[in-house]
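Q: Dropping the structure in here first, questions after.
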Number of protein chains: 2
Amino acid sequence: MNDGPAFCDQCTIADRAICAVLGEAEREELTRYGRRRRYSRGDTIIAAGDSNYGFATLIRGAAKIATIDADGTERIVALAHPAGLLGQLFAPGDDLHVMALTDSEACLFPREQIESLVNSHPALAARMLQETTRDLGRARSLIDLISKRKSTARVAALLLEFARAASPAACHDAKAFDLPLSRGEMAQLLGLTIETVSRTLTGLERDGLIERRGAHGIVIRDQDGLTALVT
Amino acid sequence: MNDGPAFCDQCTIADRAICAVLGEAEREELTRYGRRRRYSRGDTIIAAGDSNYGFATLIRGAAKIATIDADGTERIVALAHPAGLLGQLFAPGDDLHVMALTDSEACLFPREQIESLVNSHPALAARMLQETTRDLGRARSLIDLISKRKSTARVAALLLEFARAASPAACHDAKAFDLPLSRGEMAQLLGLTIETVSRTLTGLERDGLIERRGAHGIVIRDQDGLTALVT
DNA sequence: CGCATAGTTGAATGTGCTCAAGCGCCGTGG
DNA sequence: CCACGGCGCTTGAGCACATTCAACTATGCG
């Protein structure tokens with residue numbers, strides 16, 4: 001988790017990230033306060049109550065965004081991918097926890113700085129609005145997903161989503177990929193138990209819809225069959 | 001469902017709505033294209049595929065935002081209250097359906113017009129970003145809510161949320177209120193069946209936590225007891 | 001090698017779902 | 001005015017499915 005200033009010219013997603021809409025001058029202003037950090041799996045990127053660096057862009061890797069209630073139970077409410085936004089603006093009370101799922105890198109910014117930049121730079125505000133709207137859509141898809149009754153529907157839908165996310169091309173889904181989540185994390189995301197997730201996966205494999213390669217490798221054998229299970 | 005131009009000077013929420021950040025001139029520009037409409041319970045405010053008037057502000061009443069999948073099943077993903085945003089920007093493919101829950105009034109705008117206004121007026125973009133971020137937070141709370149295992153937890157959480165929403169003052173929750181949703185709609189929202197919602201409510205009443213007054217009247221008898229059930 | 005952690009599998013329990021019947025309310029029409 | 005039918009809500013019985021508790025295996029790390 002070593003620190004460094006945020007050098008945009010070395011940034012692999014400088015074109016896709018929200019920073020892309022900023023001019024040279026604003027970018028340098030951001031760089032002055034921003035921090036770039038590396039994380040390994042399990043590291044906390046933004047802690048629940050952190051008010052200093054409450055905002056970040058994911059540069060590389062993957063992260064989970066979770067609520068954590070009184071008894072320490074974690075509930076994953078979203079996954080983040082490169083160029084995605086981490087942390088909430090204008091939301092002091094929200095106790096969201098952001099954690100690296102794989103080795104990752106993120107660009108951290110002080111909340112107030114971003115907020116003031118948003119107010120002074122229309123393009124940034126528009127860009128962030130776009131991104132947040134997308135996140136909102138994703139959150140609503142997740143609601144749709146976990147309100148499915150049967151565990152097979154939830155797991156199948158999640159697998160299809162990962163297949164899409166794992167694909168380099170937008171048009172085609174990947175047929176083989178690695179699950180970025182542990183069974184426990186999948187369970188948290190889907191509102192199920194670890195055991196049920198495990199059983200459901202073995203069931204899907206028994207029925208020839210998927211094939212497991214080790215604990216995290218998945219091969220989709222019958223995409224249409226999986227899609228049919230979702231509904 | 002009678003139409004009318006959008007007269008902002010008659011608007012009861014002109015101060016709270018996103019329009020508040022606009023100057024006189026922009027407001028008039030909005031008014032030129034905007035339409036104000038009344039709806040009664042069950043009316044569609046924004047249809048799933050509507051691309052003309054894809055965006056609106058709720059002025060009065062309450063609305064539900066739902067997805068509707070292939071077999072016609074409706075899934076409520078959010079509730080909207082006055083000054084709330086209806087419809088998605090930058091999201092052409094999203095098939096969200098917005099429906100009035102009570103007699104309501106909304107201000108409809110062509111999507112492109114809002115999008116161009118967002119790009120030219122930083123204050124509007126910032127304001128909408130704020131609102132969308134809030135919506136995102138609410139969506140994530142809903143995820144949190146429906147991922148609770150037991151039906152009592154879900155129903156209790158929903159009741160507490162309504163109690164808060166029904167209260168005029170922010171500090172105190174209302175103790176007695178009317179459910180704005182039918183049993184079926186609560187079921188859609190919570191990912192349960194009508195029967196389970198009904199049974200759970202009778203169970204909560206039997207245990208002395210709430211009291212039912214007719215089909216929709218609710219009196220909270222033991223708020224702490226309800227809160228304890230949520231976790 | 002041995003421990004710790006993640007994942008799988010089994011048996012028993014419990015909870016929500018399904019199917020089905022019954023109730024109360026309200027508006028319609030005879 | 002009352003009978004009828006529709007609709008929303010409730011209640012019951014049986015069943016299917018996910019959870020729980022528990023043992024066991026596999027994998028990875030010291």
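The way I read the labels, and the way they are meant: chains A, B, ... in the order of the structure tokens, residue 1 as the first residue of every chain, and ligand 1 as the first ligand shown, with later ones counted on from there.
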Could you please tell me, as a PyMOL selection string, which residues of chain A have an atom within 7 Å of chain B when using only C-alpha atoms?
A: chain A and resi 75+77+90+118-119+121-123+125-126+129-130+132-133+136+139-140+143-144+147+191
Q: Go ahead and save the picked residues with N, CA, C and O atoms, as an mmCIF file, in the first residue's frame.
A:
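Below you can see part_26.cif, which holds the result:
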```cif
data_model
loop_
_atom_site.group_PDB
_atom_site.id
_atom_site.type_symbol
_atom_site.label_atom_id
_atom_site.label_comp_id
_atom_site.auth_asym_id
_atom_site.auth_seq_id
_atom_site.Cartn_x
_atom_site.Cartn_y
_atom_site.Cartn_z
ATOM 1 N N ARG A 75 -22.332 -6.413 3.789
ATOM 2 C CA ARG A 75 -23.260 -6.607 2.679
ATOM 3 C C ARG A 75 -22.706 -5.898 1.459
ATOM 4 O O ARG A 75 -22.579 -4.680 1.465
ATOM 5 N N VAL A 77 -22.820 -4.065 -1.839
ATOM 6 C CA VAL A 77 -23.867 -3.379 -2.593
ATOM 7 C C VAL A 77 -23.430 -3.042 -4.022
ATOM 8 O O VAL A 77 -24.256 -2.667 -4.839
ATOM 9 N N PHE A 90 -21.128 14.265 -1.213
ATOM 10 C CA PHE A 90 -22.302 14.855 -0.549
ATOM 11 C C PHE A 90 -22.981 13.887 0.393
ATOM 12 O O PHE A 90 -24.155 14.052 0.670
ATOM 13 N N VAL A 118 -16.286 20.241 -8.798
ATOM 14 C CA VAL A 118 -17.565 19.961 -9.452
ATOM 15 C C VAL A 118 -18.354 21.254 -9.637
ATOM 16 O O VAL A 118 -18.998 21.471 -10.660
ATOM 17 N N ASN A 119 -18.290 22.099 -8.630
ATOM 18 C CA ASN A 119 -19.053 23.337 -8.717
ATOM 19 C C ASN A 119 -18.462 24.325 -9.719
ATOM 20 O O ASN A 119 -19.173 25.147 -10.276
ATOM 21 N N HIS A 121 -16.428 23.366 -12.456
ATOM 22 C CA HIS A 121 -16.168 22.823 -13.787
ATOM 23 C C HIS A 121 -17.347 22.014 -14.298
ATOM 24 O O HIS A 121 -17.498 20.848 -13.961
ATOM 25 N N PRO A 122 -18.150 22.633 -15.124
ATOM 26 C CA PRO A 122 -19.362 21.980 -15.619
ATOM 27 C C PRO A 122 -19.090 20.646 -16.285
ATOM 28 O O PRO A 122 -19.834 19.698 -16.088
ATOM 29 N N ALA A 123 -18.013 20.559 -17.029
ATOM 30 C CA ALA A 123 -17.749 19.308 -17.741
ATOM 31 C C ALA A 123 -17.519 18.163 -16.759
ATOM 32 O O ALA A 123 -17.990 17.043 -16.973
ATOM 33 N N ALA A 125 -18.712 17.991 -13.702
ATOM 34 C CA ALA A 125 -19.994 17.672 -13.084
ATOM 35 C C ALA A 125 -20.834 16.809 -14.014
ATOM 36 O O ALA A 125 -21.421 15.809 -13.587
ATOM 37 N N ALA A 126 -20.870 17.169 -15.289
ATOM 38 C CA ALA A 126 -21.661 16.400 -16.241
ATOM 39 C C ALA A 126 -21.123 14.981 -16.352
ATOM 40 O O ALA A 126 -21.879 14.007 -16.365
ATOM 41 N N LEU A 129 -21.966 13.072 -13.275
ATOM 42 C CA LEU A 129 -23.387 12.759 -13.273
ATOM 43 C C LEU A 129 -23.655 11.533 -14.134
ATOM 44 O O LEU A 129 -24.401 10.629 -13.752
ATOM 45 N N GLN A 130 -23.004 11.515 -15.270
ATOM 46 C CA GLN A 130 -23.159 10.380 -16.162
ATOM 47 C C GLN A 130 -22.725 9.081 -15.489
ATOM 48 O O GLN A 130 -23.428 8.075 -15.522
ATOM 49 N N THR A 132 -22.393 8.483 -12.271
ATOM 50 C CA THR A 132 -23.238 8.148 -11.130
ATOM 51 C C THR A 132 -24.572 7.576 -11.590
ATOM 52 O O THR A 132 -25.105 6.658 -10.969
ATOM 53 N N THR A 133 -25.081 8.106 -12.688
ATOM 54 C CA THR A 133 -26.321 7.568 -13.240
ATOM 55 C C THR A 133 -26.135 6.116 -13.643
ATOM 56 O O THR A 133 -26.992 5.271 -13.405
ATOM 57 N N LEU A 136 -26.143 4.074 -10.625
ATOM 58 C CA LEU A 136 -27.511 3.915 -10.141
ATOM 59 C C LEU A 136 -28.212 2.813 -10.907
ATOM 60 O O LEU A 136 -28.903 1.967 -10.323
ATOM 61 N N ALA A 139 -26.958 -0.457 -9.666
ATOM 62 C CA ALA A 139 -27.525 -0.780 -8.359
ATOM 63 C C ALA A 139 -28.928 -1.332 -8.526
ATOM 64 O O ALA A 139 -29.321 -2.292 -7.863
ATOM 65 N N ARG A 140 -29.672 -0.748 -9.458
ATOM 66 C CA ARG A 140 -31.041 -1.207 -9.664
ATOM 67 C C ARG A 140 -31.075 -2.569 -10.327
ATOM 68 O O ARG A 140 -31.958 -3.370 -10.060
ATOM 69 N N ILE A 143 -30.621 -4.956 -7.553
ATOM 70 C CA ILE A 143 -31.887 -5.144 -6.846
ATOM 71 C C ILE A 143 -32.724 -6.165 -7.587
ATOM 72 O O ILE A 143 -33.273 -7.102 -7.001
ATOM 73 N N ASP A 144 -32.802 -5.995 -8.882
ATOM 74 C CA ASP A 144 -33.534 -6.922 -9.721
ATOM 75 C C ASP A 144 -32.989 -8.330 -9.550
ATOM 76 O O ASP A 144 -33.739 -9.286 -9.413
ATOM 77 N N SER A 147 -33.634 -10.062 -6.099
ATOM 78 C CA SER A 147 -35.020 -10.281 -5.706
ATOM 79 C C SER A 147 -35.579 -11.519 -6.379
ATOM 80 O O SER A 147 -36.714 -11.887 -6.151
ATOM 81 N N GLY A 191 -27.240 -12.336 -1.282
ATOM 82 C CA GLY A 191 -28.168 -12.537 -0.170
ATOM 83 C C GLY A 191 -28.429 -14.005 0.096
ATOM 84 O O GLY A 191 -29.541 -14.412 0.404
#
```
Q: Please return the superposed copy of chain B as a short mmCIF file (atom, residue, chain, number, x, y, z; two decimals) with C-alpha atoms, in the first residue's frame; the fit should be least squares onto chain A across all sequentially paired Cα atoms.
A:
```cif
data_model
loop_
_atom_site.label_atom_id
_atom_site.label_comp_id
_atom_site.auth_asym_id
_atom_site.auth_seq_id
_atom_site.Cartn_x
_atom_site.Cartn_y
_atom_site.Cartn_z
CA MET B 1 0.10 -0.06 -0.07
CA ASN B 2 2.81 2.42 -1.02
CA ASP B 3 1.93 5.97 -1.77
CA GLY B 4 2.81 8.35 -4.52
CA PRO B 5 1.58 11.49 -6.11
CA ALA B 6 -0.95 11.10 -8.87
CA PHE B 7 0.95 11.33 -12.14
CA CYS B 8 -1.68 11.45 -14.80
CA ASP B 9 0.71 10.88 -17.67
CA GLN B 10 1.37 7.42 -16.30
CA CYS B 11 -2.27 6.68 -15.80
CA THR B 12 -3.53 3.76 -17.87
CA ILE B 13 -7.10 4.96 -17.83
CA ALA B 14 -6.52 8.69 -18.18
CA ASP B 15 -8.73 8.71 -21.25
CA ARG B 16 -11.67 6.89 -19.72
CA ALA B 17 -11.61 8.29 -16.21
CA ILE B 18 -13.55 11.33 -15.14
CA CYS B 19 -10.33 13.33 -15.17
CA ALA B 20 -10.35 13.15 -18.96
CA VAL B 21 -12.72 16.07 -19.23
CA LEU B 22 -10.46 18.38 -17.27
CA GLY B 23 -7.96 20.76 -18.80
CA GLU B 24 -4.28 20.71 -18.09
CA ALA B 25 -4.54 23.31 -15.33
CA GLU B 26 -7.32 21.62 -13.37
CA ARG B 27 -5.61 18.32 -13.70
CA GLU B 28 -2.54 19.74 -12.07
CA GLU B 29 -4.64 21.13 -9.30
CA LEU B 30 -6.09 17.70 -8.72
CA THR B 31 -2.65 16.16 -8.79
CA ARG B 32 -1.51 18.46 -6.05
CA TYR B 33 -3.99 16.99 -3.60
CA GLY B 34 -4.58 13.59 -5.10
CA ARG B 35 -2.73 10.49 -4.01
CA ARG B 36 -2.13 7.35 -5.88
CA ARG B 37 -1.97 4.13 -3.95
CA ARG B 38 -1.54 0.43 -4.47
CA TYR B 39 -3.55 -2.17 -2.66
CA SER B 40 -3.51 -5.90 -2.41
CA ARG B 41 -6.51 -8.14 -1.94
CA GLY B 42 -8.32 -7.41 1.26
CA ASP B 43 -6.91 -3.93 1.79
CA THR B 44 -9.29 -1.18 2.69
CA ILE B 45 -9.37 1.60 0.12
CA ILE B 46 -11.93 3.79 1.84
CA ALA B 47 -12.86 3.04 5.43
CA ALA B 48 -16.45 3.35 6.58
CA GLY B 49 -16.09 6.62 8.43
CA ASP B 50 -13.28 8.22 6.46
CA SER B 51 -14.00 11.85 5.76
CA ASN B 52 -10.62 13.03 4.51
CA TYR B 53 -10.08 10.97 1.43
CA GLY B 54 -13.67 10.08 0.88
CA PHE B 55 -13.47 9.75 -2.84
CA ALA B 56 -11.42 7.84 -5.39
CA THR B 57 -11.16 6.50 -8.89
CA LEU B 58 -10.18 2.91 -9.39
CA ILE B 59 -7.30 2.67 -11.84
CA ARG B 60 -6.50 -1.00 -11.89
CA GLY B 61 -7.97 -4.12 -10.35
CA ALA B 62 -11.39 -4.59 -8.80
CA ALA B 63 -13.07 -3.52 -5.59
CA LYS B 64 -16.18 -4.23 -3.58
CA ILE B 65 -18.36 -1.59 -1.99
CA ALA B 66 -20.13 -2.80 1.09
CA THR B 67 -22.24 -1.71 4.01
CA ILE B 68 -21.32 -3.03 7.40
CA ASP B 69 -23.97 -3.13 10.09
CA ALA B 70 -23.85 -3.15 13.84
CA ASP B 71 -22.95 -6.79 14.30
CA GLY B 72 -20.13 -6.63 11.76
CA THR B 73 -22.00 -8.31 8.94
CA GLU B 74 -20.86 -7.15 5.56
CA ARG B 75 -23.23 -6.63 2.66
CA ILE B 76 -21.77 -6.01 -0.78
CA VAL B 77 -23.82 -3.38 -2.60
CA ALA B 78 -21.65 -2.93 -5.68
CA LEU B 79 -18.55 -4.01 -7.48
CA ALA B 80 -16.20 -1.48 -9.02
CA HIS B 81 -14.01 -1.83 -12.08
CA PRO B 82 -11.27 0.39 -13.53
CA ALA B 83 -12.37 3.99 -14.16
CA GLY B 84 -15.22 3.47 -11.71
CA LEU B 85 -16.00 5.88 -8.89
CA LEU B 86 -15.43 4.87 -5.28
CA GLY B 87 -16.99 6.63 -2.34
CA GLN B 88 -19.91 8.97 -2.18
CA LEU B 89 -20.00 12.69 -2.63
CA PHE B 90 -22.38 14.80 -0.57
CA ALA B 91 -23.05 11.83 1.65
CA PRO B 92 -21.33 12.27 4.96
CA GLY B 93 -23.43 9.83 6.93
CA ASP B 94 -23.16 6.87 4.61
CA ASP B 95 -20.98 4.22 6.10
CA LEU B 96 -19.75 2.49 3.00
CA HIS B 97 -16.64 0.41 3.02
CA VAL B 98 -14.52 -0.02 -0.09
CA MET B 99 -12.13 -2.96 -0.28
CA ALA B 100 -9.75 -4.27 -2.90
CA LEU B 101 -10.74 -7.62 -4.40
CA THR B 102 -7.52 -8.08 -6.32
CA ASP B 103 -4.24 -6.22 -6.43
CA SER B 104 -5.42 -2.77 -7.33
CA GLU B 105 -4.51 0.84 -7.70
CA ALA B 106 -6.63 3.87 -6.95
CA CYS B 107 -6.41 7.62 -7.11
CA LEU B 108 -7.63 9.21 -3.89
CA PHE B 109 -8.96 12.71 -3.56
CA PRO B 110 -10.11 14.83 -0.67
CA ARG B 111 -13.85 15.07 -0.78
CA GLU B 112 -14.08 18.84 -0.44
CA GLN B 113 -11.71 19.37 -3.29
CA ILE B 114 -13.77 17.30 -5.67
CA GLU B 115 -16.93 18.96 -4.51
CA SER B 116 -15.55 22.39 -5.20
CA LEU B 117 -14.19 21.28 -8.56
CA VAL B 118 -17.61 19.95 -9.43
CA ASN B 119 -19.11 23.32 -8.72
CA SER B 120 -16.63 25.22 -10.81
CA HIS B 121 -16.17 22.85 -13.77
CA PRO B 122 -19.34 21.99 -15.61
CA ALA B 123 -17.72 19.33 -17.74
CA LEU B 124 -16.57 17.46 -14.66
CA ALA B 125 -19.99 17.69 -13.08
CA ALA B 126 -21.63 16.41 -16.24
CA ARG B 127 -19.16 13.59 -16.52
CA MET B 128 -19.63 12.55 -12.92
CA LEU B 129 -23.36 12.76 -13.29
CA GLN B 130 -23.10 10.39 -16.19
CA GLU B 131 -20.99 7.98 -14.20
CA THR B 132 -23.20 8.16 -11.14
CA THR B 133 -26.27 7.57 -13.26
CA ARG B 134 -24.60 4.48 -14.61
CA ASP B 135 -23.85 3.33 -11.07
CA LEU B 136 -27.45 3.91 -10.16
CA GLY B 137 -28.52 1.74 -13.04
CA ARG B 138 -26.15 -0.97 -11.93
CA ALA B 139 -27.45 -0.78 -8.36
CA ARG B 140 -30.96 -1.23 -9.71
CA SER B 141 -29.92 -4.21 -11.77
CA LEU B 142 -28.50 -5.70 -8.63
CA ILE B 143 -31.81 -5.15 -6.89
CA ASP B 144 -33.43 -6.93 -9.78
CA LEU B 145 -30.94 -9.73 -9.47
CA ILE B 146 -31.22 -10.46 -5.78
CA SER B 147 -34.95 -10.24 -5.72
CA LYS B 148 -35.16 -13.41 -7.77
CA ARG B 149 -36.61 -16.14 -5.64
CA LYS B 150 -34.55 -19.18 -6.46
CA SER B 151 -30.87 -19.42 -5.76
CA THR B 152 -30.17 -20.88 -9.20
CA ALA B 153 -31.57 -17.75 -10.81
CA ARG B 154 -29.39 -15.48 -8.73
CA VAL B 155 -26.23 -17.47 -9.22
CA ALA B 156 -26.84 -17.94 -12.93
CA ALA B 157 -27.43 -14.22 -13.37
CA LEU B 158 -24.25 -13.41 -11.52
CA LEU B 159 -22.23 -15.83 -13.62
CA LEU B 160 -23.57 -14.29 -16.81
CA GLU B 161 -22.69 -10.87 -15.52
CA PHE B 162 -19.14 -11.94 -14.79
CA ALA B 163 -18.93 -13.51 -18.21
CA ARG B 164 -19.84 -10.19 -19.74
CA ALA B 165 -17.43 -8.26 -17.53
CA ALA B 166 -14.59 -10.66 -18.27
CA SER B 167 -14.96 -10.29 -21.99
CA PRO B 168 -12.59 -7.90 -23.70
CA ALA B 169 -14.99 -7.24 -26.54
CA ALA B 170 -18.35 -5.69 -25.83
CA CYS B 171 -20.21 -7.80 -28.33
CA HIS B 172 -19.20 -11.21 -27.11
CA ASP B 173 -19.27 -12.70 -23.62
CA ALA B 174 -16.31 -14.65 -22.35
CA LYS B 175 -16.92 -18.38 -22.12
CA ALA B 176 -14.24 -19.09 -19.55
CA PHE B 177 -13.25 -16.79 -16.74
CA ASP B 178 -12.17 -16.64 -13.13
CA LEU B 179 -14.56 -15.68 -10.39
CA PRO B 180 -13.19 -12.53 -8.75
CA LEU B 181 -15.16 -13.30 -5.60
CA SER B 182 -14.89 -15.97 -2.97
CA ARG B 183 -17.95 -18.07 -2.17
CA GLY B 184 -18.49 -15.96 0.89
CA GLU B 185 -18.43 -12.77 -1.11
CA MET B 186 -20.79 -14.16 -3.71
CA ALA B 187 -23.10 -15.08 -0.87
CA GLN B 188 -22.93 -11.56 0.55
CA LEU B 189 -23.65 -10.11 -2.83
CA LEU B 190 -26.57 -12.40 -3.61
CA GLY B 191 -28.11 -12.50 -0.17
CA LEU B 192 -27.49 -16.23 0.21
CA THR B 193 -25.30 -18.37 2.40
CA ILE B 194 -21.94 -19.80 1.44
CA GLU B 195 -23.33 -23.30 1.44
CA THR B 196 -26.18 -22.46 -0.87
CA VAL B 197 -23.86 -20.79 -3.36
CA SER B 198 -21.62 -23.81 -3.31
CA ARG B 199 -24.47 -26.25 -3.70
CA THR B 200 -25.98 -24.23 -6.50
CA LEU B 201 -22.72 -24.20 -8.40
CA THR B 202 -22.34 -27.96 -8.09
CA GLY B 203 -25.92 -28.28 -9.21
CA LEU B 204 -25.28 -26.16 -12.29
CA GLU B 205 -22.24 -28.27 -13.07
CA ARG B 206 -24.14 -31.53 -12.57
CA ASP B 207 -26.74 -30.30 -15.06
CA GLY B 208 -24.02 -29.55 -17.59
CA LEU B 209 -24.58 -25.81 -17.70
CA ILE B 210 -21.16 -24.88 -16.42
CA GLU B 211 -17.87 -26.52 -15.66
CA ARG B 212 -15.70 -25.71 -12.69
CA ARG B 213 -11.95 -25.48 -13.01
CA GLY B 214 -10.63 -25.39 -9.50
CA ALA B 215 -12.28 -23.17 -6.96
CA HIS B 216 -12.62 -20.06 -9.08
CA GLY B 217 -12.42 -21.11 -12.71
CA ILE B 218 -15.73 -21.21 -14.55
CA VAL B 219 -16.51 -22.38 -18.07
CA ILE B 220 -19.92 -21.62 -19.49
CA ARG B 221 -21.16 -24.72 -21.30
CA ASP B 222 -24.73 -23.75 -22.01
CA GLN B 223 -25.27 -20.04 -22.07
CA ASP B 224 -28.86 -20.26 -23.22
CA GLY B 225 -29.63 -22.71 -20.47
CA LEU B 226 -28.24 -20.29 -17.92
CA THR B 227 -30.16 -17.40 -19.41
CA ALA B 228 -33.34 -19.42 -19.20
CA LEU B 229 -32.77 -20.02 -15.50
CA VAL B 230 -32.55 -16.32 -14.77
CA THR B 231 -36.17 -15.63 -15.57
#
```
Q: Find, counting only C-alpha atoms (C1' of nucleotides), the residue in C:DT5, C:DC19, C:DA12, C:DT28 that gets nearest to chain A.
A: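 Answer, going by the shortest atom-to-atom distance: C:DT5.
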Q: Define the interface residues of chain C facing chain A as those within 12 Å, counting only C-alpha atoms (C1' of nucleotides), and report them as a ChimeraX atom specification.
A: /C:5-10,16-17
Q: Compute the set of chain D residues within 10 Å of chain B, using only C-alpha atoms (C1' of nucleotides), and express it as a VMD selection string.
A: chain D and resid 8 to 11 18 to 19
Q: Between C:DG29, C:DA4, C:DT13, C:DT18, which is the closest to D:DG14 once you count only C-alpha atoms (C1' of nucleotides)?
A: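 Ranking C:DG29, C:DA4, C:DT13, C:DT18 by distance to D:DG14, first place goes to C:DT18.
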Q: Quick one, how far is atom C1' of D:DC1 from atom C1' of C:DC25?
A: 17.5 Å
Q: For atom C1' of C:DC23 and atom C1' of D:DG5, quote the distance in Å rounded to one decimal.
A: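 Going from atom C1' of C:DC23 over to atom C1' of D:DG5 covers 14.4 Å.
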Q: Could you go through chain B and tell me which residues DSSP, when run on the backbone, assigns to helix (DSSP H, G or I), listing them as a PyMOL selection string?
A: chain B and resi 8-10+18-21+24-33+111-120+122-146+151-166+183-190+194-206+223-230
